[in-house]
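> Just passing along the structure, written as structure tokens.
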Amino acid sequence: MIKIDFHIHTVCTPSDAHFVFDMDRLKDYVGSANLDSIAITNHNTFDVKQYVKIKNELGITVYPGIEINLDTGHLLLIANGDDPYEFHEQCAVVESLIPNPTDSISVADLQREFGDLSNFILIPHYDKKPSIPKHVIEELSDFITAGEVMSPKKFMYSIKDAERLVPVYFSDSRMSQELNIIPTRQTYLACDDTNFSSIKNCLRDKAKVSLSPEEGSYLFEVFANGQRLSTGLNVVVGERSSGKSYTLDKIYREANVDVKYIKQFSLVARNSEEDERKFDKILSAKHSLLTREYLEELQHVVNDIIDVDIEADLRSVSSYVASLVKFASESERRDAFSNAKLFSEEKFQVSDQSSLVKLIDSTKHLMRNDEFRSIIDKHVSVETLKKLLVELMMEFTTREEGRLKRIWLNEIIGSVKEKLQIKTSATPIEEIDLYNIAMNMNKVSKFEEVVNLARVEREIKRTSTKDFAVVAKALKFSGAGELKKLSGRQVAFRDAYTVYESPYKFLQELKEIDGLAKADLYKYFANIEYKVLNRDGAEASGGERSEFNLLHVIQDALQYDMLLIDEPESSFDNIFLKSEVNEMIKDISKTMPVVLVTHNSTVGASILPDYLLCTKKEIEDGKPIYRVYSGDPMGKKLTSVDGAELDTFNVTMGCLEAGTEAYEERRKGYENLKN
């Protein structure tokens, strides 16, 4: 069994935040992590002199490599090290092709510069940003050995899915003096040695990669001292002030993955006002997407009409009619200039090409979409799309030519009219776009119709979380106070709300309120109200709200890579913990590492953890020592990283049952009650 890290940075490039390479720090890392082999993989460059120096000083197998911007993702390419100078020349070409962090090369470029790719180890960013696109992985499938992931959760996901690449988990660290925390992101391989072909063969076999040497991928290292966690459910117990919260905080700081941390008492409010505010915040955050989706069409309508000024249109019509009447009444004053056709000529209508531009963009998107390529190809071929695109662009060119001619003619007409009007005393007819005014009036009518429909009170969605239901309802705002609350600003909506029932007038009033962004005005027309109902269909009480908050936060943890929970029993009763929380935590632990701190046997014992940790404060040589003991909860002993041991039974009795004697007394008391 060997331990490797094939993603280490030693050169600061334009793709990195500034750092200065430190050889001693690299040596510390290799020694502390007990690495058998590493690869130097800097962004789009390879420094052969530095590589040779590192290889000579480390005393382990060091391979030359490069991290390449390929297409829209990153690819690790590692050479066998037989001729690092030839590899340097190949990488120099790549460096010249990628001068900026946003530049990249194609698969064809990669094959042209490096030749036979089977001579290398190719590891794309897989479940890690920026990831290599699926079509590129398929194109390089004959050469790719494994895929780099960003967390133990993603590692386990790839191990379990037969269709996914072999996962590897690397540090991706910059070896500088500022590297304060020794990385714990490495991969174990079931190899006898560190030669290139052995490692390459192992990286093709999921059975030969793991996160720990003995337990496979069941455990992974969380601290540089060798402390491990389960990739499933971990329960942390211990006496007061023994280091439980410290351990949880340390995991949060050093895990270097996306962690959801539910701290003790964080979901319970101090008073009813704070409870309501916190509850509303969680609800609005959870369902903001639904609100946006429901109001999306209304947003488009508001944006389309926001600059329509009907009063100005009516004034322009009045002015036009007045000029028309005056022009007719002054027939005796007409002269050669005012009798010229262009004196009262209307300008040409200039069409809008936006809908055609959108259609062209949509066609391009269909042609370039890789994610749903197979579905698109079932119904329309790329060749057909190309022909459609060509015809649409030809139509655009024809229409654009006509549009530009009209603009040019309008400029001529305007110039001539201006000169004729200077030379005559006759009153000109004012210019007006009656079609546009009619369209504006129609827009206002349709706008008011759409707004009134959006305000019709109705349930728009209902979702369930265990015994709770979240009901979303569309309805009218009931007062100016609700509008102010929605805005989150100290602004007055009183005047605006007086015309709330007249949507167009209401819009004009909203536009006059300082501090309201035009892009957000659509939010004030229809209210989306959320209520949480309990199992009886009644609105949730204060205590039930806290229960819902906990369930919601735990459920939302699915989008993270690790979940930490500190003493949920401090705020909730045992029945709720056992029937609701335990079940949800257990389900989540099947997909990611979960670490739960508890004193409560309802949580700690009945949840059946995969791994048990016990924190303990001990005095050695007159000084306090904080140790973490860990192991199988069904095993006899828990062991610390320095070899100390505790009896699992005594830990369970002492931390979860208040001691054997107290447990026996309670047991007898329960038996007496039962009998």
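Following the order of the structure tokens, chains are lettered A, B, ..., residues in each are numbered from 1, and ligands are numbered from 1.
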Can you tell me, as a list in words, what residues are no more than 9 Å from A:Phe447 when counting only C-alpha atoms, ignoring any on the same chain fewer than 6 positions away?
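After dropping sequence-adjacent residues, the list is Leu298, Val301, Val302, Ile305, Pro503 and Tyr504 of chain A.
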> So how many Å separate atom CA of A:Leu248 and atom CA of A:Tyr611, to one decimal?
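Atom-to-atom, atom CA of A:Leu248 to atom CA of A:Tyr611, that is 14.8 Å.
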> Would you please work out which residue, of A:Phe114, A:Ile137, A:Asp193, A:Asp82, is nearest to A:Ser37 when using only C-alpha atoms?
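Answer, going by the shortest atom-to-atom distance: A:Asp193.
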> How many Å separate atom CA of A:Ser173 from atom CA of A:Leu189?
20.1 Å
> List the spatial neighbours of A:Ser338 as a PDB file with N, CA and C atoms, in the first residue's frame - criterion: any atom at most 9 Å away, only C-alpha atoms, same-chain residues fewer than 6 positions off excluded.

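Result file result.pdb:
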ATOM      1  N   SER A 344     -44.696  67.646 -44.896  1.00  0.00           N
ATOM      2  CA  SER A 344     -45.582  66.955 -43.951  1.00  0.00           C
ATOM      3  C   SER A 344     -45.444  65.431 -44.054  1.00  0.00           C
ATOM      4  N   LEU A 420     -37.096  72.984 -44.785  1.00  0.00           N
ATOM      5  CA  LEU A 420     -38.328  73.553 -45.339  1.00  0.00           C
ATOM      6  C   LEU A 420     -39.063  74.378 -44.289  1.00  0.00           C
ATOM      7  N   GLN A 421     -39.081  73.854 -43.044  1.00  0.00           N
ATOM      8  CA  GLN A 421     -39.807  74.541 -41.972  1.00  0.00           C
ATOM      9  C   GLN A 421     -39.154  75.874 -41.614  1.00  0.00           C
ATOM     10  N   LYS A 423     -37.819  77.861 -43.806  1.00  0.00           N
ATOM     11  CA  LYS A 423     -38.058  78.805 -44.889  1.00  0.00           C
ATOM     12  C   LYS A 423     -39.529  79.206 -45.050  1.00  0.00           C
ATOM     13  N   THR A 424     -40.441  78.676 -44.211  1.00  0.00           N
ATOM     14  CA  THR A 424     -41.861  79.009 -44.359  1.00  0.00           C
ATOM     15  C   THR A 424     -42.435  79.458 -43.024  1.00  0.00           C
ATOM     16  N   SER A 425     -43.542  80.184 -43.108  1.00  0.00           N
ATOM     17  CA  SER A 425     -44.224  80.618 -41.889  1.00  0.00           C
ATOM     18  C   SER A 425     -45.387  79.694 -41.549  1.00  0.00           C
ATOM     19  N   ALA A 426     -45.657  78.698 -42.399  1.00  0.00           N
ATOM     20  CA  ALA A 426     -46.757  77.761 -42.157  1.00  0.00           C
ATOM     21  C   ALA A 426     -46.433  76.869 -40.961  1.00  0.00           C
ATOM     22  N   THR A 427     -47.477  76.508 -40.195  1.00  0.00           N
ATOM     23  CA  THR A 427     -47.299  75.645 -39.013  1.00  0.00           C
ATOM     24  C   THR A 427     -47.116  74.190 -39.458  1.00  0.00           C
ATOM     25  N   PRO A 428     -46.021  73.531 -39.062  1.00  0.00           N
ATOM     26  CA  PRO A 428     -45.836  72.121 -39.456  1.00  0.00           C
ATOM     27  C   PRO A 428     -46.692  71.196 -38.592  1.00  0.00           C
TER      28      PRO A 428
END
> Restricting the calculation to only C-alpha atoms: of A:Phe493, A:Asn440, A:Thr247, A:Leu596, which residue gets closest to A:Val628?
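Of all the options, A:Thr247 lies closest to A:Val628.
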> Within 8 Å of A:Gly479, counting only C-alpha atoms, which residues qualify if same-chain residues fewer than 3 places away don't, as number ranges by chain?
A: 482-483, 497
> With distances taken over only C-alpha atoms, which of A:Ala472, A:Val491, A:Ile565, A:Leu551 is nearest to A:Leu290?
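Ranked by minimum distance to A:Leu290, first place goes to A:Ala472.
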> To one decimal place, how far is atom CA of A:Ala33 from atom CA of A:Ala224 in Å?
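Rounded to one decimal, the two atoms are 6.7 Å apart.
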> Which parts of stretch 139-374 of chain A does DSSP call strand (DSSP E) when run on the backbone here, written out as a PDB file with N, CA and C atoms, in the first residue's frame?

ATOM      1  N   GLY A 147     -10.296  10.185 -12.213  1.00  0.00           N
ATOM      2  CA  GLY A 147     -10.835  11.538 -12.158  1.00  0.00           C
ATOM      3  C   GLY A 147     -10.668  12.118 -10.768  1.00  0.00           C
ATOM      4  N   GLU A 148     -10.198  13.377 -10.684  1.00  0.00           N
ATOM      5  CA  GLU A 148      -9.975  14.004  -9.380  1.00  0.00           C
ATOM      6  C   GLU A 148     -11.282  14.548  -8.812  1.00  0.00           C
ATOM      7  N   VAL A 149     -11.548  14.222  -7.542  1.00  0.00           N
ATOM      8  CA  VAL A 149     -12.747  14.701  -6.850  1.00  0.00           C
ATOM      9  C   VAL A 149     -12.330  15.621  -5.711  1.00  0.00           C
ATOM     10  N   PRO A 167     -12.005   7.338  -8.711  1.00  0.00           N
ATOM     11  CA  PRO A 167     -11.760   8.634  -8.059  1.00  0.00           C
ATOM     12  C   PRO A 167     -10.379   8.717  -7.416  1.00  0.00           C
ATOM     13  N   VAL A 168      -9.811   9.905  -7.428  1.00  0.00           N
ATOM     14  CA  VAL A 168      -8.605  10.201  -6.655  1.00  0.00           C
ATOM     15  C   VAL A 168      -8.830  11.509  -5.907  1.00  0.00           C
ATOM     16  N   SER A 173      -2.393  21.731  -3.269  1.00  0.00           N
ATOM     17  CA  SER A 173      -1.855  22.737  -2.338  1.00  0.00           C
ATOM     18  C   SER A 173      -0.671  23.493  -2.921  1.00  0.00           C
ATOM     19  N   ARG A 174      -0.527  24.754  -2.460  1.00  0.00           N
ATOM     20  CA  ARG A 174       0.626  25.585  -2.805  1.00  0.00           C
ATOM     21  C   ARG A 174       1.646  25.447  -1.683  1.00  0.00           C
ATOM     22  N   THR A 187      -4.436   9.983  -1.609  1.00  0.00           N
ATOM     23  CA  THR A 187      -5.061   8.726  -2.023  1.00  0.00           C
ATOM     24  C   THR A 187      -4.099   7.565  -1.787  1.00  0.00           C
ATOM     25  N   TYR A 188      -4.649   6.469  -1.240  1.00  0.00           N
ATOM     26  CA  TYR A 188      -3.875   5.233  -1.054  1.00  0.00           C
ATOM     27  C   TYR A 188      -4.093   4.318  -2.250  1.00  0.00           C
ATOM     28  N   LEU A 189      -3.012   3.680  -2.691  1.00  0.00           N
ATOM     29  CA  LEU A 189      -3.080   2.733  -3.798  1.00  0.00           C
ATOM     30  C   LEU A 189      -2.565   1.372  -3.345  1.00  0.00           C
ATOM     31  N   VAL A 209      -7.943   1.752  -5.115  1.00  0.00           N
ATOM     32  CA  VAL A 209      -7.814   3.114  -4.579  1.00  0.00           C
ATOM     33  C   VAL A 209      -8.633   3.218  -3.305  1.00  0.00           C
ATOM     34  N   SER A 210      -8.141   3.995  -2.343  1.00  0.00           N
ATOM     35  CA  SER A 210      -8.866   4.137  -1.074  1.00  0.00           C
ATOM     36  C   SER A 210      -8.447   5.415  -0.368  1.00  0.00           C
ATOM     37  N   LEU A 219     -13.011   4.824   6.059  1.00  0.00           N
ATOM     38  CA  LEU A 219     -12.488   5.925   6.868  1.00  0.00           C
ATOM     39  C   LEU A 219     -11.638   6.838   6.006  1.00  0.00           C
ATOM     40  N   PHE A 220     -11.507   8.088   6.450  1.00  0.00           N
ATOM     41  CA  PHE A 220     -10.600   9.022   5.787  1.00  0.00           C
ATOM     42  C   PHE A 220      -9.930   9.896   6.847  1.00  0.00           C
ATOM     43  N   GLU A 221      -8.761  10.409   6.528  1.00  0.00           N
ATOM     44  CA  GLU A 221      -8.009  11.240   7.468  1.00  0.00           C
ATOM     45  C   GLU A 221      -8.597  12.639   7.490  1.00  0.00           C
ATOM     46  N   ARG A 228      -8.910   9.953  12.110  1.00  0.00           N
ATOM     47  CA  ARG A 228      -9.797   9.625  11.003  1.00  0.00           C
ATOM     48  C   ARG A 228     -11.262   9.783  11.376  1.00  0.00           C
ATOM     49  N   LEU A 229     -12.072   9.868  10.337  1.00  0.00           N
ATOM     50  CA  LEU A 229     -13.526   9.869  10.468  1.00  0.00           C
ATOM     51  C   LEU A 229     -14.089   8.836   9.511  1.00  0.00           C
ATOM     52  N   SER A 230     -15.315   8.425   9.780  1.00  0.00           N
ATOM     53  CA  SER A 230     -16.011   7.550   8.854  1.00  0.00           C
ATOM     54  C   SER A 230     -16.613   8.385   7.731  1.00  0.00           C
ATOM     55  N   LEU A 233     -21.674   7.911   9.358  1.00  0.00           N
ATOM     56  CA  LEU A 233     -22.126   8.648  10.539  1.00  0.00           C
ATOM     57  C   LEU A 233     -21.129   8.510  11.689  1.00  0.00           C
ATOM     58  N   ASN A 234     -20.639   9.648  12.163  1.00  0.00           N
ATOM     59  CA  ASN A 234     -19.714   9.715  13.295  1.00  0.00           C
ATOM     60  C   ASN A 234     -20.418  10.369  14.475  1.00  0.00           C
ATOM     61  N   VAL A 235     -20.346   9.754  15.650  1.00  0.00           N
ATOM     62  CA  VAL A 235     -20.889  10.352  16.863  1.00  0.00           C
ATOM     63  C   VAL A 235     -19.735  10.671  17.803  1.00  0.00           C
ATOM     64  N   VAL A 236     -19.709  11.921  18.290  1.00  0.00           N
ATOM     65  CA  VAL A 236     -18.663  12.377  19.209  1.00  0.00           C
ATOM     66  C   VAL A 236     -19.276  12.534  20.598  1.00  0.00           C
ATOM     67  N   VAL A 237     -18.704  11.854  21.584  1.00  0.00           N
ATOM     68  CA  VAL A 237     -19.169  11.960  22.963  1.00  0.00           C
ATOM     69  C   VAL A 237     -18.004  12.393  23.838  1.00  0.00           C
ATOM     70  N   GLY A 238     -18.317  12.733  25.075  1.00  0.00           N
ATOM     71  CA  GLY A 238     -17.280  13.152  26.023  1.00  0.00           C
ATOM     72  C   GLY A 238     -17.882  13.976  27.136  1.00  0.00           C
ATOM     73  N   VAL A 259     -18.604  22.488   4.029  1.00  0.00           N
ATOM     74  CA  VAL A 259     -19.163  21.936   5.265  1.00  0.00           C
ATOM     75  C   VAL A 259     -20.397  22.718   5.701  1.00  0.00           C
ATOM     76  N   LYS A 260     -21.446  21.998   6.087  1.00  0.00           N
ATOM     77  CA  LYS A 260     -22.616  22.594   6.740  1.00  0.00           C
ATOM     78  C   LYS A 260     -22.476  22.354   8.233  1.00  0.00           C
ATOM     79  N   TYR A 261     -22.432  23.446   9.033  1.00  0.00           N
ATOM     80  CA  TYR A 261     -22.185  23.352  10.471  1.00  0.00           C
ATOM     81  C   TYR A 261     -23.409  23.893  11.205  1.00  0.00           C
ATOM     82  N   ILE A 262     -24.132  23.002  11.884  1.00  0.00           N
ATOM     83  CA  ILE A 262     -25.287  23.410  12.682  1.00  0.00           C
ATOM     84  C   ILE A 262     -24.830  23.508  14.134  1.00  0.00           C
TER      85      ILE A 262
END
